[in-house]
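K.L.:
What follows is a structure written as structure tokens; I'll ask about it next.
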Amino acid sequence: MDQPKESIEKTLYDYQEEDLNTIFKCLEESADDINLLYQLPTGGGKTVVFSEIARRYIHKTNKKVVVLTHRIELSSQTSRMLKGFGVKNKIINSEVKDLQDQDQYMCFVAMVETLNNRLQDDKVRINDIGLVIIDEAHYNSFRKLFKYFKKSIILGVTATPLSSNIKLPMKDHYQKLIVGESISSLIGKNFLANANMYNYDVSLKSLKLGISGDYTVKSSDELYGNQNMLTKLVNAYEEIAKGTKTLIFNNGINTSLYVYDTFKKAGYNIRHLDNKNSASERKDILKWFSKTPDAILTSVSILTTGFDEPTVETIILNRATKSLTLYFQMIGRGSRILPNKNEFTVVDLGNNVARFGLWNAPIDWQEIFHFPDFFLESLKNDEEIERDFVYEMPDDLKALFSKSNNIEFDVKAEYKKVFAQGLKSKTVLENSIEQHATICVENSKDVFDARILAKKLKEEIAYRVRQYSYCIMNNTKNYKEWLEEDYERKLRSKISQKFAMRM
């Protein structure tokens, strides 16, 4: 739901009123069977706006309205919101087999699949429908119902007017897009909290794309379920979000369970939620999450829509996605504003910020709507993102090398220098190992301390090896893994040599 419950029956905000007037003006100037799309960011109050649209439309035309949703929770929330606006409505769910009482209602709320089944079986006839409102209109499941409402106005509502299926662009089904207030404007007017965004570089080479166009759950579980990534996640939480109410999004149930176990063993207050939890379990978990200040909730994408918990302080994207919609939905869960909350934190562990840009950055929705192919083709692929990575040593690690004058080493610059001198390319790694060994020795009492320090350089070593592999254009996973192991072995040996020379 796009607005806290207490906002029901309040007057509309100025920007919502402006959008309403624009929508009705467009409807008045258009044919009675226009398909219109309305965009408003998550947290902007889409449900509020279309509830008022339903109320005014019924009052003006005396024709009926159908509101379509894709999830059972959204149906009941939408029904409550409509009632708050004085729109008496009936939910058409799996228990409704026919509509003998349809003349008593001017508005119906239905899930797509349920309504489609009833209409197909000829069990339900909805008479005199003038307006069909489609919530979360970017989902393609709604298209199957368009044929039943050819003479009605269709109003799609979404935060992201980009189809969930690249082969079925929204411009093929909607004639016009009306763009509402931007995220940055809503932040500026104190309607949304501002996001402080942090991203950790993650190599996504092992991820595979499925037929949906997004990364497969299996490959995501393999990457995000390994010990290195789980350690990176806990470190990121402790570095940036410790003690805050945190929502962690994962791509697979297995990953979420690994996350739960890892945080639990570390002594943190965490629970796990997925679509296999019963309704009562889900209610209990969400009640606990709402009441617990330092709660961590790890989940799969079940909480991307139909979930509203304004007290969320941190969103962790423990997954990569190719879906712009999902990116906005996940971050949007933390954007609700409160009297004591005007900002929140986003921790990105899937290179999503590098792929889509900052959550609150300007975005041309008209261009995305009209030219979705161009937009999708312009997104950086994972290899391009990875090439642009710049490793920065964390401050706590830098402090361990405080006795060294210089801890920097530019692999690309070194490669150019070595190449110009006509030396073998492996000289680059030899020089890098020499530099790493030197700073480890400079900051240690003995060989054992130095080797402990060297182990802490694992991430920087992986980064340097990756940069080197790009330079020599041999970027295979096996080769990089072998190089890393060889580098670490030679670094240990070089440290021993340096201490032996001291002796």
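Chain lettering (A, B, ...) mirrors the order of the structure tokens, residue numbering begins at 1 for each chain separately, and ligand numbering begins at 1 in order of display.
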Please return, as JSON, numbers by chain, all residues of region 144-355 of chain A that DSSP assigns to strand (DSSP E) on the basis of the backbone.
P.N.:
{"A": [153, 154, 155, 156, 157, 158, 176, 177, 178, 179, 194, 195, 196, 197, 198, 199, 246, 247, 248, 249, 270, 271, 272, 273, 296, 297, 298, 299, 314, 315, 316, 317, 343, 344, 345, 346, 347, 348]}
K.L.:
Write out as a ChimeraX atom specification the residues lying within 12 Å of Ile285 (chain A), counting only C-alpha atoms and excluding same-chain residues fewer than 2 positions away.
P.N.:
/A:270-274,277-283,287-292,295-299
K.L.:
Please provide the set of residues having any atom within 8 Å of region 449-466 of chain A, restricted to only C-alpha atoms, with same-chain residues fewer than 4 positions apart removed, written as a ChimeraX atom specification.
P.N.:
/A:391,393,397,400,411,429,436-437,440-441,443-445,470,475,480,483-484,487-488,491-492,495
K.L.:
Okay, now the selection with N, CA and C atoms, as a short mmCIF file (atom, residue, chain, number, x, y, z; two decimals), in the first residue's frame?
P.N.:
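To be explicit, this is the file written out as out-v2.cif:
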```
data_model
loop_
_atom_site.label_atom_id
_atom_site.label_comp_id
_atom_site.auth_asym_id
_atom_site.auth_seq_id
_atom_site.Cartn_x
_atom_site.Cartn_y
_atom_site.Cartn_z
N TYR A 391 38.73 -0.31 -6.26
CA TYR A 391 38.79 -0.81 -4.88
C TYR A 391 39.33 0.28 -3.96
N MET A 393 40.47 0.68 0.00
CA MET A 393 40.72 -0.04 1.26
C MET A 393 39.91 0.60 2.39
N LEU A 397 41.08 -1.09 7.86
CA LEU A 397 42.20 -1.85 7.30
C LEU A 397 43.40 -0.92 7.03
N LEU A 400 45.77 -0.39 9.86
CA LEU A 400 46.74 -1.46 10.15
C LEU A 400 48.04 -1.27 9.38
N VAL A 411 47.50 -0.93 -10.95
CA VAL A 411 47.84 -2.05 -11.84
C VAL A 411 47.88 -1.61 -13.30
N LEU A 429 52.49 -8.26 -11.78
CA LEU A 429 52.09 -8.96 -10.56
C LEU A 429 53.27 -9.12 -9.60
N HIS A 436 53.01 -5.30 -1.78
CA HIS A 436 52.18 -5.85 -0.70
C HIS A 436 53.05 -6.43 0.41
N ALA A 437 54.09 -7.16 0.01
CA ALA A 437 54.99 -7.76 1.01
C ALA A 437 55.66 -6.67 1.85
N CYS A 440 53.30 -5.14 4.41
CA CYS A 440 53.00 -6.12 5.47
C CYS A 440 54.17 -6.21 6.46
N VAL A 441 55.39 -6.21 5.95
CA VAL A 441 56.58 -6.30 6.79
C VAL A 441 56.76 -5.01 7.60
N ASN A 443 54.67 -3.11 8.82
CA ASN A 443 53.67 -2.92 9.87
C ASN A 443 53.52 -4.14 10.79
N SER A 444 54.57 -4.99 10.83
CA SER A 444 54.50 -6.21 11.64
C SER A 444 55.77 -6.40 12.46
N LYS A 445 55.61 -7.08 13.61
CA LYS A 445 56.76 -7.37 14.47
C LYS A 445 57.52 -8.60 13.97
N TYR A 470 42.25 -8.03 -17.10
CA TYR A 470 41.67 -7.17 -18.15
C TYR A 470 42.78 -6.64 -19.06
N ASN A 475 40.31 -13.14 -19.21
CA ASN A 475 39.43 -12.83 -18.09
C ASN A 475 38.59 -14.03 -17.66
N LYS A 480 41.60 -16.50 -13.35
CA LYS A 480 41.68 -15.51 -12.27
C LYS A 480 41.82 -16.20 -10.91
N LEU A 483 45.32 -17.37 -10.60
CA LEU A 483 46.22 -16.23 -10.36
C LEU A 483 46.16 -15.76 -8.91
N GLU A 484 44.94 -15.72 -8.36
CA GLU A 484 44.78 -15.29 -6.96
C GLU A 484 45.50 -16.22 -6.01
N TYR A 487 49.19 -15.77 -6.41
CA TYR A 487 49.58 -14.47 -5.83
C TYR A 487 49.72 -14.61 -4.31
N GLU A 488 48.73 -15.21 -3.68
CA GLU A 488 48.75 -15.34 -2.21
C GLU A 488 49.93 -16.21 -1.76
N LEU A 491 53.09 -14.21 -2.20
CA LEU A 491 53.15 -13.14 -1.20
C LEU A 491 53.65 -13.69 0.14
N ARG A 492 53.15 -14.85 0.55
CA ARG A 492 53.62 -15.46 1.80
C ARG A 492 55.14 -15.73 1.72
N ILE A 495 57.17 -12.47 1.91
CA ILE A 495 57.22 -11.98 3.30
C ILE A 495 58.29 -12.74 4.09
#
```
K.L.:
Find the residues around Phe374 (chain A) up to 12 Å (only C-alpha atoms counted), leave out those fewer than 6 positions away in its own chain, and share them as a PyMOL selection string.
P.N.:
chain A and resi 162+166+169+367-368
K.L.:
Given the selection you just returned, output its residues as a file containing C-alpha atoms, formatted as a PDB file, in the first residue's frame.
P.N.:
```
ATOM      1  CA  LEU A 162       8.528  -0.509 -18.087  1.00  0.00           C
ATOM      2  CA  ILE A 166      10.770  -6.982 -22.932  1.00  0.00           C
ATOM      3  CA  PRO A 169       6.229  -3.242 -24.268  1.00  0.00           C
ATOM      4  CA  GLU A 367      11.607   7.956 -23.091  1.00  0.00           C
ATOM      5  CA  ILE A 368      11.564   4.602 -21.268  1.00  0.00           C
TER       6      ILE A 368
END
```
K.L.:
Could you name the residues that touch Arg336 (chain A) at 7 Å or less, counting only C-alpha atoms, but leaving out those on the same chain fewer than 5 positions away, as an NGL selection string?
P.N.:
:A and (43 or 192-193 or 310)
K.L.:
According to DSSP computed on the backbone, where in region 339-399 of chain A is there helix (DSSP H, G or I)? Give the residues as a PyMOL selection string.
P.N.:
chain A and resi 352-356+365-370+372-378+382-387+395-399
K.L.:
For the residues in that selection, give me N, CA and C atoms as a JSON list (two decimals), in the first residue's frame.
P.N.:
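Listed below is the output, part_19.json:
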```json
[["chain", "number", "residue", "atom", "x", "y", "z"],
["A", 352, "ASN", "N", 23.73, -2.92, -8.44],
["A", 352, "ASN", "CA", 22.48, -2.39, -8.99],
["A", 352, "ASN", "C", 22.54, -0.88, -9.21],
["A", 353, "VAL", "N", 23.23, -0.17, -8.30],
["A", 353, "VAL", "CA", 23.37, 1.29, -8.45],
["A", 353, "VAL", "C", 24.19, 1.60, -9.70],
["A", 354, "ALA", "N", 25.24, 0.80, -9.92],
["A", 354, "ALA", "CA", 26.08, 1.00, -11.12],
["A", 354, "ALA", "C", 25.28, 0.71, -12.39],
["A", 355, "ARG", "N", 24.32, -0.20, -12.30],
["A", 355, "ARG", "CA", 23.52, -0.60, -13.47],
["A", 355, "ARG", "C", 22.42, 0.42, -13.77],
["A", 356, "PHE", "N", 21.71, 0.87, -12.75],
["A", 356, "PHE", "CA", 20.52, 1.71, -12.96],
["A", 356, "PHE", "C", 20.69, 3.17, -12.58],
["A", 365, "TRP", "N", 10.93, 9.00, -17.82],
["A", 365, "TRP", "CA", 9.96, 7.90, -17.96],
["A", 365, "TRP", "C", 9.29, 7.91, -19.33],
["A", 366, "GLN", "N", 9.11, 9.08, -19.92],
["A", 366, "GLN", "CA", 8.50, 9.13, -21.26],
["A", 366, "GLN", "C", 9.38, 8.40, -22.27],
["A", 367, "GLU", "N", 10.68, 8.63, -22.16],
["A", 367, "GLU", "CA", 11.61, 7.96, -23.09],
["A", 367, "GLU", "C", 11.60, 6.44, -22.86],
["A", 368, "ILE", "N", 11.59, 6.04, -21.59],
["A", 368, "ILE", "CA", 11.56, 4.60, -21.27],
["A", 368, "ILE", "C", 10.27, 3.96, -21.77],
["A", 369, "PHE", "N", 9.17, 4.68, -21.62],
["A", 369, "PHE", "CA", 7.86, 4.18, -22.08],
["A", 369, "PHE", "C", 7.82, 4.03, -23.60],
["A", 370, "HIS", "N", 8.30, 5.04, -24.31],
["A", 370, "HIS", "CA", 8.22, 5.02, -25.77],
["A", 370, "HIS", "C", 9.33, 4.21, -26.44],
["A", 372, "PRO", "N", 11.52, 1.50, -24.91],
["A", 372, "PRO", "CA", 12.05, 0.59, -23.87],
["A", 372, "PRO", "C", 13.28, -0.20, -24.35],
["A", 373, "ASP", "N", 13.30, -0.58, -25.62],
["A", 373, "ASP", "CA", 14.43, -1.35, -26.15],
["A", 373, "ASP", "C", 15.73, -0.55, -26.04],
["A", 374, "PHE", "N", 15.62, 0.73, -26.40],
["A", 374, "PHE", "CA", 16.80, 1.61, -26.36],
["A", 374, "PHE", "C", 17.32, 1.73, -24.92],
["A", 375, "PHE", "N", 16.39, 1.89, -23.98],
["A", 375, "PHE", "CA", 16.78, 2.01, -22.57],
["A", 375, "PHE", "C", 17.49, 0.74, -22.09],
["A", 376, "LEU", "N", 16.89, -0.42, -22.37],
["A", 376, "LEU", "CA", 17.45, -1.69, -21.89],
["A", 376, "LEU", "C", 18.81, -1.98, -22.52],
["A", 377, "GLU", "N", 18.95, -1.60, -23.79],
["A", 377, "GLU", "CA", 20.23, -1.83, -24.47],
["A", 377, "GLU", "C", 21.33, -0.89, -23.94],
["A", 378, "SER", "N", 20.92, 0.25, -23.40],
["A", 378, "SER", "CA", 21.90, 1.23, -22.92],
["A", 378, "SER", "C", 22.42, 0.91, -21.52],
["A", 382, "ASP", "N", 27.40, -6.54, -16.97],
["A", 382, "ASP", "CA", 28.17, -6.81, -15.75],
["A", 382, "ASP", "C", 29.68, -6.66, -15.95],
["A", 383, "GLU", "N", 30.14, -7.01, -17.14],
["A", 383, "GLU", "CA", 31.58, -6.90, -17.39],
["A", 383, "GLU", "C", 32.01, -5.44, -17.43],
["A", 384, "GLU", "N", 31.18, -4.59, -18.05],
["A", 384, "GLU", "CA", 31.50, -3.15, -18.10],
["A", 384, "GLU", "C", 31.52, -2.56, -16.68],
["A", 385, "ILE", "N", 30.54, -2.97, -15.88],
["A", 385, "ILE", "CA", 30.47, -2.48, -14.50],
["A", 385, "ILE", "C", 31.72, -2.90, -13.74],
["A", 386, "GLU", "N", 32.08, -4.18, -13.92],
["A", 386, "GLU", "CA", 33.23, -4.72, -13.20],
["A", 386, "GLU", "C", 34.54, -4.02, -13.59],
["A", 387, "ARG", "N", 34.65, -3.67, -14.88],
["A", 387, "ARG", "CA", 35.85, -2.99, -15.37],
["A", 387, "ARG", "C", 36.01, -1.62, -14.70],
["A", 395, "ASP", "N", 38.74, 2.01, 5.97],
["A", 395, "ASP", "CA", 39.54, 2.80, 6.91],
["A", 395, "ASP", "C", 40.15, 1.96, 8.03],
["A", 396, "ASP", "N", 39.39, 0.96, 8.54],
["A", 396, "ASP", "CA", 39.92, 0.14, 9.63],
["A", 396, "ASP", "C", 41.11, -0.71, 9.16],
["A", 397, "LEU", "N", 41.08, -1.09, 7.86],
["A", 397, "LEU", "CA", 42.20, -1.85, 7.30],
["A", 397, "LEU", "C", 43.40, -0.92, 7.03],
["A", 398, "LYS", "N", 43.09, 0.28, 6.53],
["A", 398, "LYS", "CA", 44.15, 1.27, 6.29],
["A", 398, "LYS", "C", 44.95, 1.53, 7.57],
["A", 399, "ALA", "N", 44.22, 1.57, 8.69],
["A", 399, "ALA", "CA", 44.86, 1.87, 9.98],
["A", 399, "ALA", "C", 45.93, 0.84, 10.34]]
```
K.L.:
Applying 12 Å and only C-alpha atoms, which residues near Lys83 (chain A) remain after dropping the ones on its own chain fewer than 5 positions away? List them as a PyMOL selection string.
P.N.:
chain A and resi 5+8-9+47-48+51-52+54-55+76-78+88-91+105-109
K.L.:
I'd like to know which of A:Ala236, A:Ala320, A:Cys26, A:Ile153 is closest to Asn351 (chain A), using only C-alpha atoms.
P.N.:
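The shortest atom-to-atom distance to Asn351 (chain A) comes from A:Ala320.
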K.L.:
Choose the residue, out of A:Ile129, A:Ile363, A:Leu37, A:Met197, that has the smallest atom-to-atom separation from Val347 (chain A); count only C-alpha atoms.
P.N.:
A:Met197
K.L.:
From the list A:Val87, A:Val234, A:Leu186, A:Val179, which residue is nearest Lys265 (chain A) when using only C-alpha atoms?
P.N.:
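Looking at the shortest contact to Lys265 (chain A), the residue is A:Val234.
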K.L.:
Hey, which of A:Phe146, A:Trp359, A:Tyr468, A:Phe24 ends up closest to Ile183 (chain A)? Count only C-alpha atoms.
P.N.:
A:Trp359
K.L.:
Compare A:Gly180, A:Gly267, A:Pro394, A:Gly156 by their minimum atom-to-atom distance to Ala137 (chain A), counting only C-alpha atoms, and give me the closest one.
P.N.:
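Counting only C-alpha atoms, the residue closest to Ala137 (chain A) is A:Gly156.
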K.L.:
Would you list the contacts of Glu181 (chain A) as number ranges by chain, taking every protein, DNA or RNA residue within 12 Å and counting only C-alpha atoms, but skipping same-chain residues closer than 5 positions in sequence?
P.N.:
A: 13-19, 38-46, 159, 186-189, 191-192, 360, 362-363, 365
K.L.:
How many Å separate CA of Val157 (chain A) from CA of Val217 (chain A)?
P.N.:
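Between CA of Val157 (chain A) and CA of Val217 (chain A) the gap works out to 28.3 Å.
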